[in-house]
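So this block is final-v1.tsv, TSV, C-alpha atoms and all ligand atoms:
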chain	number	residue	atom	x	y	z
E	1	MET	CA	12.69	50.05	-11.93
E	2	SER	CA	10.85	48.46	-9.02
E	3	LEU	CA	9.25	45.06	-9.17
E	4	GLN	CA	5.81	46.61	-8.69
E	5	SER	CA	6.11	48.87	-11.69
E	6	THR	CA	7.32	45.92	-13.74
E	7	VAL	CA	4.25	43.94	-12.79
E	8	MET	CA	2.04	46.88	-13.78
E	9	TRP	CA	3.86	47.05	-17.09
E	10	SER	CA	3.19	43.43	-17.55
E	11	ILE	CA	-0.55	43.98	-17.07
E	12	LYS	CA	-0.58	46.90	-19.52
E	13	PHE	CA	1.31	44.93	-22.10
E	14	SER	CA	-0.85	41.85	-21.82
E	15	SER	CA	-3.96	43.91	-22.41
E	16	ALA	CA	-2.22	45.33	-25.47
E	17	GLY	CA	-2.05	41.89	-27.00
E	18	VAL	CA	0.24	38.97	-27.57
E	19	SER	CA	2.55	40.84	-29.95
E	20	ALA	CA	3.76	43.06	-27.10
E	21	LEU	CA	5.06	40.10	-25.11
E	22	PRO	CA	8.58	39.90	-26.58
E	23	ILE	CA	9.07	43.61	-25.85
E	24	PHE	CA	8.04	43.08	-22.26
E	25	VAL	CA	10.40	40.15	-21.87
E	26	PHE	CA	13.19	42.23	-23.37
E	27	LEU	CA	12.58	45.14	-20.99
E	28	PHE	CA	12.30	42.74	-18.07
E	29	LEU	CA	15.65	41.21	-18.91
E	30	GLN	CA	17.20	44.69	-18.95
E	31	CYS	CA	15.99	45.43	-15.44
E	32	PHE	CA	16.67	42.17	-13.58
E	33	PRO	CA	19.49	39.70	-13.33
E	34	ILE	CA	18.57	36.28	-14.60
E	35	THR	CA	18.18	34.77	-11.14
E	36	SER	CA	15.27	36.98	-10.15
E	37	LEU	CA	13.68	36.53	-13.57
E	38	ALA	CA	13.49	32.79	-12.92
E	39	ALA	CA	12.08	33.42	-9.45
E	40	ALA	CA	8.40	33.70	-8.79
E	41	GLY	CA	8.18	37.16	-7.18
E	42	GLN	CA	5.63	38.41	-4.71
E	43	CYS	CA	3.13	36.09	-3.09
E	44	ASN	CA	-0.51	36.76	-2.33
E	45	ALA	CA	-0.85	39.41	0.38
E	46	ASP	CA	-2.85	37.18	2.75
E	47	ASP	CA	-0.32	34.39	2.31
E	48	LYS	CA	2.49	36.84	3.10
E	49	THR	CA	0.73	37.86	6.32
E	50	ALA	CA	0.41	34.19	7.29
E	51	LEU	CA	4.09	33.52	6.51
E	52	LEU	CA	5.16	36.46	8.69
E	53	SER	CA	3.02	35.12	11.57
E	54	ILE	CA	4.67	31.72	11.14
E	55	LYS	CA	8.12	33.30	11.25
E	56	ALA	CA	7.18	35.30	14.36
E	57	ALA	CA	6.15	32.11	16.19
E	58	PHE	CA	9.72	30.83	16.36
E	59	GLN	CA	12.79	31.83	18.32
E	60	ASN	CA	16.40	31.44	17.21
E	61	SER	CA	15.16	30.92	13.69
E	62	ASP	CA	17.75	33.15	11.98
E	63	GLN	CA	19.02	30.25	9.93
E	64	SER	CA	15.65	29.11	8.53
E	65	PHE	CA	14.02	32.51	8.07
E	66	ALA	CA	16.99	34.78	7.25
E	67	SER	CA	15.62	35.49	3.77
E	68	TRP	CA	12.07	36.17	5.01
E	69	THR	CA	12.32	39.97	4.85
E	70	ASP	CA	11.00	42.69	2.59
E	71	ALA	CA	14.34	42.68	0.78
E	72	THR	CA	13.20	39.51	-0.97
E	73	ALA	CA	9.89	38.75	-2.72
E	74	CYS	CA	8.00	36.23	-0.58
E	75	CYS	CA	7.78	33.55	-3.27
E	76	ASP	CA	11.59	33.58	-3.15
E	77	TRP	CA	11.87	33.12	0.62
E	78	ALA	CA	13.76	30.00	1.62
E	79	GLY	CA	11.44	27.01	1.82
E	80	VAL	CA	8.49	28.82	0.23
E	81	GLN	CA	7.05	27.56	-3.04
E	82	CYS	CA	4.37	29.45	-5.01
E	83	ASP	CA	2.16	27.93	-7.68
E	84	ALA	CA	3.24	27.81	-11.30
E	85	ALA	CA	0.30	29.92	-12.47
E	86	SER	CA	2.05	32.91	-10.83
E	87	SER	CA	-1.03	33.95	-8.90
E	88	GLY	CA	1.37	34.08	-5.95
E	89	ARG	CA	-0.47	31.53	-3.84
E	90	VAL	CA	1.85	29.64	-1.52
E	91	VAL	CA	1.57	25.91	-2.31
E	92	GLY	CA	4.65	24.57	-0.51
E	93	LEU	CA	6.44	25.28	2.76
E	94	ARG	CA	9.51	23.41	3.94
E	95	VAL	CA	11.43	24.20	7.12
E	96	TYR	CA	14.08	21.62	8.04
E	97	GLY	CA	17.45	20.82	9.53
E	98	ASP	CA	17.73	23.71	11.96
E	99	ALA	CA	19.09	22.74	15.38
E	100	HIS	CA	18.35	26.14	16.90
E	101	LEU	CA	14.83	26.95	15.74
E	102	SER	CA	12.57	26.58	18.76
E	103	GLY	CA	8.86	26.86	19.36
E	104	ALA	CA	5.63	25.09	18.43
E	105	LEU	CA	3.80	24.77	15.12
E	106	PRO	CA	1.71	27.98	14.94
E	107	ASP	CA	-2.01	28.16	14.15
E	108	ALA	CA	-1.13	30.49	11.27
E	109	LEU	CA	-0.16	27.41	9.25
E	110	GLY	CA	-3.89	27.03	8.67
E	111	ASP	CA	-3.96	30.44	6.95
E	112	LEU	CA	-2.26	29.22	3.75
E	113	PRO	CA	-5.35	27.84	1.98
E	114	SER	CA	-3.53	26.76	-1.21
E	115	LEU	CA	-0.89	24.74	0.58
E	116	THR	CA	-0.38	21.25	-0.88
E	117	ASN	CA	2.99	20.36	0.72
E	118	LEU	CA	3.94	21.12	4.30
E	119	ILE	CA	7.23	19.93	5.75
E	120	PHE	CA	8.75	20.67	9.16
E	121	SER	CA	11.50	18.11	9.74
E	122	ASP	CA	14.79	17.52	11.54
E	123	LEU	CA	14.08	20.31	14.02
E	124	PRO	CA	15.11	18.98	17.46
E	125	ARG	CA	13.65	21.99	19.29
E	126	LEU	CA	10.28	22.00	17.53
E	127	THR	CA	7.95	21.09	20.40
E	128	GLY	CA	4.24	21.14	21.24
E	129	SER	CA	1.39	19.33	19.56
E	130	ILE	CA	-0.07	19.18	16.06
E	131	PRO	CA	-2.41	22.19	15.70
E	132	SER	CA	-6.05	21.78	14.66
E	133	SER	CA	-5.69	24.73	12.28
E	134	LEU	CA	-4.14	22.27	9.80
E	135	THR	CA	-7.66	20.99	9.07
E	136	ARG	CA	-8.28	24.27	7.22
E	137	LEU	CA	-5.72	23.18	4.60
E	138	SER	CA	-8.27	21.63	2.26
E	139	ARG	CA	-5.72	20.96	-0.52
E	140	LEU	CA	-2.96	19.48	1.58
E	141	SER	CA	-1.48	16.38	-0.03
E	142	THR	CA	1.86	15.94	1.77
E	143	LEU	CA	2.28	16.47	5.51
E	144	ILE	CA	5.74	15.62	6.81
E	145	LEU	CA	6.47	16.45	10.44
E	146	THR	CA	9.27	13.96	11.01
E	147	ASN	CA	12.24	13.92	13.38
E	148	ASN	CA	11.22	16.77	15.68
E	149	THR	CA	10.16	16.78	19.34
E	150	LEU	CA	6.40	16.97	18.80
E	151	SER	CA	4.35	15.54	21.65
E	152	GLY	CA	0.73	14.93	22.56
E	153	SER	CA	-1.51	12.53	20.73
E	154	ILE	CA	-2.02	12.12	17.00
E	155	PRO	CA	-5.12	14.25	16.51
E	156	TYR	CA	-8.17	12.45	15.09
E	157	TYR	CA	-8.93	15.62	13.13
E	158	LEU	CA	-6.11	14.94	10.68
E	159	SER	CA	-8.69	12.60	9.14
E	160	GLN	CA	-10.59	15.71	8.01
E	161	ILE	CA	-7.81	16.54	5.53
E	162	THR	CA	-9.17	14.05	3.02
E	163	THR	CA	-6.76	15.20	0.30
E	164	LEU	CA	-3.79	13.78	2.24
E	165	ARG	CA	-1.69	11.31	0.27
E	166	PHE	CA	1.55	11.25	2.25
E	167	LEU	CA	1.50	11.50	6.06
E	168	ASP	CA	4.76	11.11	7.96
E	169	LEU	CA	4.83	11.87	11.70
E	170	SER	CA	7.70	9.50	12.51
E	171	TYR	CA	10.57	10.22	14.93
E	172	ASN	CA	8.73	12.40	17.45
E	173	LEU	CA	7.41	11.94	21.00
E	174	LEU	CA	3.78	11.40	20.03
E	175	SER	CA	1.89	9.26	22.54
E	176	GLY	CA	-1.54	7.78	23.14
E	177	PRO	CA	-3.51	5.58	20.76
E	178	ILE	CA	-3.58	5.72	16.96
E	179	PRO	CA	-6.88	7.41	16.05
E	180	PRO	CA	-9.09	4.94	14.13
E	181	HIS	CA	-10.31	7.91	12.07
E	182	LEU	CA	-7.10	7.86	10.00
E	183	SER	CA	-8.68	5.13	7.89
E	184	TYR	CA	-11.03	7.80	6.49
E	185	LEU	CA	-8.03	9.08	4.54
E	186	LYS	CA	-8.87	7.16	1.38
E	187	SER	CA	-6.17	8.80	-0.77
E	188	LEU	CA	-3.27	7.91	1.51
E	189	PHE	CA	-0.45	6.04	-0.15
E	190	THR	CA	2.01	6.38	2.74
E	191	LEU	CA	1.34	6.41	6.49
E	192	ARG	CA	4.40	6.60	8.73
E	193	LEU	CA	3.98	6.86	12.48
E	194	ALA	CA	7.19	5.00	13.41
E	195	HIS	CA	9.56	5.85	16.26
E	196	ASN	CA	7.08	7.52	18.60
E	197	GLN	CA	5.57	6.44	21.92
E	198	LEU	CA	2.21	5.35	20.61
E	199	SER	CA	0.31	2.82	22.69
E	200	GLY	CA	-2.93	0.87	22.49
E	201	PRO	CA	-3.98	-1.48	19.70
E	202	ILE	CA	-3.78	-1.23	15.94
E	203	PRO	CA	-7.24	0.17	15.08
E	204	VAL	CA	-9.67	-2.39	13.67
E	205	SER	CA	-10.67	0.33	11.19
E	206	PHE	CA	-7.31	-0.10	9.43
E	207	GLY	CA	-8.92	-3.13	7.84
E	208	SER	CA	-11.11	-0.74	5.85
E	209	PHE	CA	-8.29	0.85	3.87
E	210	ASP	CA	-8.66	0.12	0.16
E	211	LYS	CA	-8.15	-3.63	-0.36
E	212	LYS	CA	-6.01	-3.24	-3.48
E	213	LYS	CA	-4.32	0.08	-2.71
E	214	PRO	CA	-3.85	0.53	1.05
E	215	PRO	CA	-1.09	2.90	2.14
E	216	GLU	CA	2.44	1.77	2.81
E	217	LEU	CA	2.16	1.33	6.59
E	218	ASP	CA	4.98	1.91	9.10
E	219	LEU	CA	3.97	1.70	12.75
E	220	SER	CA	7.33	0.35	13.92
E	221	ASN	CA	9.17	1.27	17.10
E	222	ASN	CA	6.24	2.28	19.28
E	223	HIS	CA	4.52	0.66	22.28
E	224	LEU	CA	1.55	-0.77	20.40
E	225	ALA	CA	-0.02	-3.74	22.14
E	226	GLY	CA	-2.92	-6.16	21.85
E	227	ASP	CA	-3.74	-8.79	19.27
E	228	ILE	CA	-3.41	-8.11	15.55
E	229	PRO	CA	-7.05	-7.54	14.52
E	230	PHE	CA	-8.05	-10.10	11.87
E	231	GLN	CA	-9.43	-7.20	9.79
E	232	LEU	CA	-5.81	-6.10	9.22
E	233	GLY	CA	-5.56	-9.04	6.82
E	234	LEU	CA	-8.20	-7.60	4.46
E	235	PRO	CA	-6.11	-4.95	2.65
E	236	GLU	CA	-3.20	-6.20	0.56
E	237	TRP	CA	-0.46	-4.13	2.13
E	238	GLY	CA	2.36	-3.36	-0.27
E	239	ARG	CA	4.74	-2.74	2.62
E	240	ILE	CA	3.91	-3.22	6.26
E	241	ASP	CA	6.26	-2.63	9.20
E	242	LEU	CA	4.90	-3.33	12.68
E	243	SER	CA	8.31	-4.20	14.14
E	244	ASN	CA	9.49	-3.42	17.63
E	245	ASN	CA	6.15	-3.10	19.43
E	246	ASP	CA	4.37	-5.32	21.99
E	247	LEU	CA	1.89	-6.83	19.56
E	248	SER	CA	0.51	-10.28	20.23
E	249	GLY	CA	-1.79	-12.75	18.55
E	250	ASP	CA	-2.07	-14.22	15.10
E	251	ALA	CA	-0.30	-12.33	12.31
E	252	SER	CA	-0.92	-15.09	9.76
E	253	VAL	CA	-3.80	-12.95	8.40
E	254	LEU	CA	-1.15	-10.74	6.79
E	255	PHE	CA	0.06	-13.61	4.61
E	256	GLY	CA	-1.43	-15.48	1.65
E	257	SER	CA	0.24	-16.32	-1.67
E	258	GLU	CA	-2.38	-14.30	-3.57
E	259	LYS	CA	-1.42	-11.00	-1.91
E	260	GLY	CA	0.77	-8.40	-3.59
E	261	THR	CA	2.78	-7.62	-0.45
E	262	THR	CA	6.52	-7.07	-0.99
E	263	ARG	CA	7.84	-6.18	2.48
E	264	ILE	CA	6.74	-7.51	5.85
E	265	ASN	CA	8.59	-6.61	9.05
E	266	LEU	CA	7.03	-8.01	12.23
E	267	SER	CA	10.32	-8.32	14.10
E	268	SER	CA	10.47	-7.94	17.92
E	269	ASN	CA	6.88	-8.40	19.06
E	270	ARG	CA	5.06	-11.19	20.93
E	271	LEU	CA	3.31	-12.68	17.94
E	272	ARG	CA	2.20	-16.25	18.43
E	273	PHE	CA	0.92	-18.40	15.58
E	274	ASP	CA	1.70	-21.56	13.64
E	275	LEU	CA	3.78	-20.89	10.52
E	276	THR	CA	3.20	-24.39	9.09
E	277	GLN	CA	-0.05	-23.56	7.27
E	278	VAL	CA	0.99	-20.09	6.09
E	279	THR	CA	1.58	-19.31	2.42
E	280	PHE	CA	3.77	-16.32	1.65
E	281	PRO	CA	2.92	-13.56	-0.86
E	282	VAL	CA	4.87	-14.61	-3.96
E	283	ASN	CA	6.44	-11.19	-4.56
E	284	LEU	CA	7.98	-10.89	-1.11
E	285	VAL	CA	11.33	-9.10	-1.14
E	286	LEU	CA	11.77	-8.82	2.62
E	287	LEU	CA	10.48	-10.96	5.45
E	288	TYR	CA	11.45	-10.24	9.05
E	289	LEU	CA	9.75	-12.41	11.67
E	290	ASN	CA	12.66	-12.54	14.11
E	291	ARG	CA	12.11	-12.27	17.87
E	292	ASN	CA	8.52	-13.45	18.30
E	293	ASP	CA	6.83	-16.64	19.59
E	294	ILE	CA	6.09	-18.15	16.19
E	295	SER	CA	5.79	-21.95	16.22
E	296	GLY	CA	5.43	-24.71	13.63
E	297	SER	CA	7.77	-25.38	10.73
E	298	ILE	CA	8.96	-23.36	7.73
E	299	PRO	CA	6.60	-24.00	4.77
E	300	ALA	CA	8.34	-25.41	1.65
E	301	GLN	CA	6.57	-22.70	-0.38
E	302	VAL	CA	9.26	-20.29	0.87
E	303	ASN	CA	11.43	-21.70	-1.92
E	304	GLN	CA	9.08	-20.20	-4.53
E	305	LEU	CA	9.82	-16.64	-3.38
E	306	ASN	CA	12.21	-15.80	-6.23
E	307	ARG	CA	12.49	-12.15	-5.26
E	308	LEU	CA	13.25	-12.63	-1.58
E	309	VAL	CA	16.51	-10.91	-0.63
E	310	VAL	CA	16.10	-10.46	3.13
E	311	LEU	CA	14.90	-13.22	5.45
E	312	ASN	CA	15.07	-13.39	9.23
E	313	LEU	CA	13.19	-16.08	11.16
E	314	SER	CA	15.58	-16.16	14.12
E	315	TYR	CA	14.58	-16.32	17.80
E	316	ASN	CA	11.16	-17.92	17.52
E	317	LYS	CA	9.83	-21.36	18.45
E	318	LEU	CA	10.13	-22.89	14.99
E	319	CYS	CA	10.88	-26.58	14.64
E	320	GLY	CA	11.65	-29.19	11.99
E	321	GLU	CA	13.85	-29.31	8.94
E	322	ILE	CA	14.57	-26.13	6.99
E	323	PRO	CA	13.10	-26.99	3.54
E	324	ALA	CA	16.06	-27.23	1.16
E	325	GLY	CA	15.70	-25.11	-1.98
E	326	ALA	CA	16.77	-22.15	-4.10
E	327	VAL	CA	15.62	-19.56	-1.57
E	328	THR	CA	16.51	-20.99	1.84
E	329	VAL	CA	20.06	-21.69	0.65
E	330	LYS	CA	20.65	-17.95	0.11
E	331	PHE	CA	20.62	-17.22	3.83
E	332	GLY	CA	23.16	-18.03	6.52
E	333	PRO	CA	22.59	-19.52	9.98
E	334	GLU	CA	21.80	-16.09	11.50
E	335	ALA	CA	18.49	-16.08	9.55
E	336	TYR	CA	17.37	-19.26	11.40
E	337	ALA	CA	19.22	-19.10	14.73
E	338	GLY	CA	17.67	-19.21	18.18
E	339	ASN	CA	14.71	-21.45	17.38
E	340	ALA	CA	13.60	-24.40	19.51
E	341	CYS	CA	14.41	-27.21	17.13
E	342	LEU	CA	15.02	-26.03	13.56
E	343	CYS	CA	17.57	-28.21	11.85
E	344	GLY	CA	19.25	-28.92	8.55
E	345	PRO	CA	21.56	-26.68	6.48
E	346	PRO	CA	22.72	-24.06	7.26
E	347	LEU	CA	22.04	-25.19	10.87
E	348	ASN	CA	23.08	-28.55	12.33
E	349	ALA	CA	21.88	-31.73	10.66
E	350	CYS	CA	18.52	-33.13	11.77
E	351	HIS	CA	18.62	-36.34	13.81
E	401	LIG	C1	17.09	13.72	12.88
E	401	LIG	O1	17.65	15.00	12.83
E	401	LIG	C2	19.01	15.06	13.25
E	401	LIG	C3	19.38	16.51	13.24
E	401	LIG	O2	18.60	17.17	14.16
E	401	LIG	C4	19.85	14.22	12.33
E	401	LIG	O3	21.19	14.25	12.77
E	401	LIG	C5	19.34	12.80	12.33
E	401	LIG	O4	20.04	12.02	11.39
E	401	LIG	C6	17.87	12.78	11.97
E	401	LIG	N1	17.35	11.43	12.15
E	401	LIG	C7	16.57	10.85	11.25
E	401	LIG	C8	16.08	9.48	11.60
E	401	LIG	O5	16.26	11.37	10.19
E	402	LIG	C1	12.79	-4.46	10.71
E	402	LIG	O1	12.53	-4.07	12.04
E	402	LIG	C2	13.65	-4.03	12.92
E	402	LIG	C3	13.12	-3.61	14.27
E	402	LIG	O2	12.43	-2.40	14.18
E	402	LIG	C4	14.68	-3.07	12.40
E	402	LIG	O3	15.84	-3.11	13.22
E	402	LIG	C5	15.06	-3.46	10.99
E	402	LIG	O4	15.94	-2.47	10.47
E	402	LIG	C6	13.83	-3.53	10.12
E	402	LIG	N1	14.27	-3.96	8.80
E	402	LIG	C7	13.83	-3.44	7.69
E	402	LIG	C8	14.54	-3.91	6.45
E	402	LIG	O5	12.93	-2.65	7.64
E	403	LIG	C1	18.22	-11.51	12.49
E	403	LIG	O1	17.62	-11.20	13.73
E	403	LIG	C2	18.48	-11.38	14.84
E	403	LIG	C3	17.66	-11.22	16.10
E	403	LIG	O2	16.93	-10.02	16.09
E	403	LIG	C4	19.63	-10.39	14.72
E	403	LIG	O3	20.52	-10.55	15.81
E	403	LIG	C5	20.38	-10.67	13.41
E	403	LIG	O4	21.37	-9.68	13.24
E	403	LIG	C6	19.42	-10.62	12.24
E	403	LIG	N1	20.15	-11.10	11.08
E	403	LIG	C7	19.94	-10.68	9.85
E	403	LIG	C8	20.77	-11.26	8.79
E	403	LIG	O5	19.10	-9.83	9.62
What would you get if you wrote out this structure as structure tokens?
Amino acid sequence: MSLQSTVMWSIKFSSAGVSALPIFVFLFLQCFPITSLAAAGQCNADDKTALLSIKAAFQNSDQSFASWTDATACCDWAGVQCDAASSGRVVGLRVYGDAHLSGALPDALGDLPSLTNLIFSDLPRLTGSIPSSLTRLSRLSTLILTNNTLSGSIPYYLSQITTLRFLDLSYNLLSGPIPPHLSYLKSLFTLRLAHNQLSGPIPVSFGSFDKKKPPELDLSNNHLAGDIPFQLGLPEWGRIDLSNNDLSGDASVLFGSEKGTTRINLSSNRLRFDLTQVTFPVNLVLLYLNRNDISGSIPAQVNQLNRLVVLNLSYNKLCGEIPAGAVTVKFGPEAYAGNACLCGPPLNACH
């Protein structure tokens, strides 16, 4: 019995009424081993055409696309996920961890209109830029293109995929400025552009992300430069990592005891401001300010940060006595080292 005839049976039986269902299931079980029963079967014909174009765009892809043949129903192809309603629409595609697969992301990716999750990751020979055809994916929620060799700029047109919630383009060779348009993505809860070669400033528009629910933001390990725009202090970032860039200016806008921020990593920039007047978000778990030009003294309020587990203030221009208390005592000298004139435990006594 072929799969097609089984599907036709299924249609006949459903029109015959609910009572016929157990018979159908029984017959189905007779014909197929349990593994293919659990599987989703054939995908939509247009989606299948798109998948075959995607496969054809790559060379040396035997590992990733070995199962993508007529011997297997396309909803069962490796990395392909169809929707639960069994209409055979492809909703997920994941290609990852293949050192040989080479080529660029094909335009045909835009021909899977029901796609909600798209992942191409850990593919060292995936090159080229991010294709504009992705803007046709009007249901796309997760776009993960991390740890490949993608180059070119981050296209402003990604902002047209307003359904995006999770965008991760980290660990590539993307260059040029961050498009300000990304702040149009009002549903984003994660934005990761880390470990690329991005340059230019942090867009002022990033201040217009939702004040209470901005995305988790990771712009670390790029070549971003210029002053921190004061607008960046408007959203209450849950997690913000701007570390290892060339950013300058006043980052004190990111602080404030009333903010809900839990993780701040500003390590290895050229930030220059006075820490004395800063109050820290009370739920901080992690605070990395090491390797900047931060001056002033450590505010005593640091000792109210009951949840703080990681602190690094080393290699700045901080001065004065480390305020003794329940929090500062948790960290060793390496958290405070390399400052102009910080003193007191765990560093040398003040004179
Ligand atoms: C990137 O992918 C390589 C395999 O190509 C893997 O060994 C490495 O751990 C990955 N790096 C990250 C940061 O995920
Ligand atoms: C903070 O940033 C530095 C520099 O990018 C990095 O080495 C460190 O792992 C980061 N720490 C955390 C906890 O994110
Ligand atoms: C703190 O930062 C310094 C300078 O970047 C680094 O050498 C040290 O390992 C860090 N220490 C901790 C505990 O994170």
List all protein, DNA and RNA residues that have at least one atom no more than 6 Å from any atom of ligand LIG 402 (chain E), counting all atoms listed in the file, and write them as an MDAnalysis selection string.
chainID E and resid 220:221 243:244 265 267
To one decimal place in Å, what is the distance between CA of Ala85 in chain E and CA of Leu134 in chain E?
24.0 Å
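For the set E:Leu51, E:Thr163, E:Phe58, E:Tyr184, the residue with the smallest atom-to-atom gap to Leu109 in chain E is E:Leu51, counting all atoms listed in the file.
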8 Å from ligand LIG 401 (chain E) is the threshold here; counting all atoms listed in the file, which polymer residues fall inside it? Answer as number ranges by chain.
E: 97-99, 121-124, 146-148, 171
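Put simply, CA of Ser268 in chain E is 8.9 Å away from atom O1 of ligand LIG 403 (chain E).
Compared by their closest atoms to ligand LIG 403 (chain E), and using only C-alpha atoms and all ligand atoms, the residues E:Asn290, E:Ile298, E:Ala45, E:Gln160 rank with E:Asn290 nearest.
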Using the structure just given, write a file holding N, CA, C and O atoms for range 236-248 of chain E, as a PDB file, in the first residue's frame.
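Final output, saved to part_30.pdb:
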ATOM      1  N   GLU E 236      14.385  49.734  29.604  1.00  0.00           N
ATOM      2  CA  GLU E 236      14.989  49.027  30.731  1.00  0.00           C
ATOM      3  C   GLU E 236      15.481  47.676  30.236  1.00  0.00           C
ATOM      4  O   GLU E 236      14.760  46.676  30.286  1.00  0.00           O
ATOM      5  N   TRP E 237      16.695  47.659  29.742  1.00  0.00           N
ATOM      6  CA  TRP E 237      17.256  46.428  29.201  1.00  0.00           C
ATOM      7  C   TRP E 237      17.291  45.362  30.285  1.00  0.00           C
ATOM      8  O   TRP E 237      17.737  45.625  31.395  1.00  0.00           O
ATOM      9  N   GLY E 238      16.835  44.165  29.945  1.00  0.00           N
ATOM     10  CA  GLY E 238      16.974  43.056  30.889  1.00  0.00           C
ATOM     11  C   GLY E 238      18.423  42.612  30.927  1.00  0.00           C
ATOM     12  O   GLY E 238      19.028  42.480  31.993  1.00  0.00           O
ATOM     13  N   ARG E 239      18.997  42.408  29.759  1.00  0.00           N
ATOM     14  CA  ARG E 239      20.403  42.058  29.612  1.00  0.00           C
ATOM     15  C   ARG E 239      20.975  42.901  28.498  1.00  0.00           C
ATOM     16  O   ARG E 239      20.377  42.962  27.412  1.00  0.00           O
ATOM     17  N   ILE E 240      22.113  43.497  28.743  1.00  0.00           N
ATOM     18  CA  ILE E 240      22.747  44.281  27.696  1.00  0.00           C
ATOM     19  C   ILE E 240      24.243  44.010  27.710  1.00  0.00           C
ATOM     20  O   ILE E 240      24.896  44.086  28.754  1.00  0.00           O
ATOM     21  N   ASP E 241      24.780  43.638  26.556  1.00  0.00           N
ATOM     22  CA  ASP E 241      26.207  43.345  26.418  1.00  0.00           C
ATOM     23  C   ASP E 241      26.762  44.167  25.254  1.00  0.00           C
ATOM     24  O   ASP E 241      26.427  43.916  24.095  1.00  0.00           O
ATOM     25  N   LEU E 242      27.542  45.176  25.591  1.00  0.00           N
ATOM     26  CA  LEU E 242      28.175  46.032  24.574  1.00  0.00           C
ATOM     27  C   LEU E 242      29.686  45.849  24.622  1.00  0.00           C
ATOM     28  O   LEU E 242      30.445  46.647  24.054  1.00  0.00           O
ATOM     29  N   SER E 243      30.142  44.785  25.280  1.00  0.00           N
ATOM     30  CA  SER E 243      31.566  44.624  25.573  1.00  0.00           C
ATOM     31  C   SER E 243      32.414  44.441  24.325  1.00  0.00           C
ATOM     32  O   SER E 243      31.942  44.003  23.275  1.00  0.00           O
ATOM     33  N   ASN E 244      33.687  44.813  24.500  1.00  0.00           N
ATOM     34  CA  ASN E 244      34.677  44.616  23.447  1.00  0.00           C
ATOM     35  C   ASN E 244      34.317  45.314  22.130  1.00  0.00           C
ATOM     36  O   ASN E 244      34.243  44.698  21.073  1.00  0.00           O
ATOM     37  N   ASN E 245      34.095  46.628  22.249  1.00  0.00           N
ATOM     38  CA  ASN E 245      33.909  47.505  21.097  1.00  0.00           C
ATOM     39  C   ASN E 245      34.804  48.725  21.306  1.00  0.00           C
ATOM     40  O   ASN E 245      35.730  48.665  22.134  1.00  0.00           O
ATOM     41  N   ASP E 246      34.575  49.805  20.581  1.00  0.00           N
ATOM     42  CA  ASP E 246      35.342  51.038  20.777  1.00  0.00           C
ATOM     43  C   ASP E 246      34.434  52.166  21.248  1.00  0.00           C
ATOM     44  O   ASP E 246      34.597  53.323  20.855  1.00  0.00           O
ATOM     45  N   LEU E 247      33.433  51.814  22.036  1.00  0.00           N
ATOM     46  CA  LEU E 247      32.433  52.802  22.439  1.00  0.00           C
ATOM     47  C   LEU E 247      32.992  53.775  23.456  1.00  0.00           C
ATOM     48  O   LEU E 247      33.786  53.405  24.318  1.00  0.00           O
ATOM     49  N   SER E 248      32.551  55.035  23.330  1.00  0.00           N
ATOM     50  CA  SER E 248      33.031  56.072  24.245  1.00  0.00           C
ATOM     51  C   SER E 248      31.827  56.758  24.888  1.00  0.00           C
ATOM     52  O   SER E 248      30.673  56.409  24.620  1.00  0.00           O
TER      53      SER E 248
END
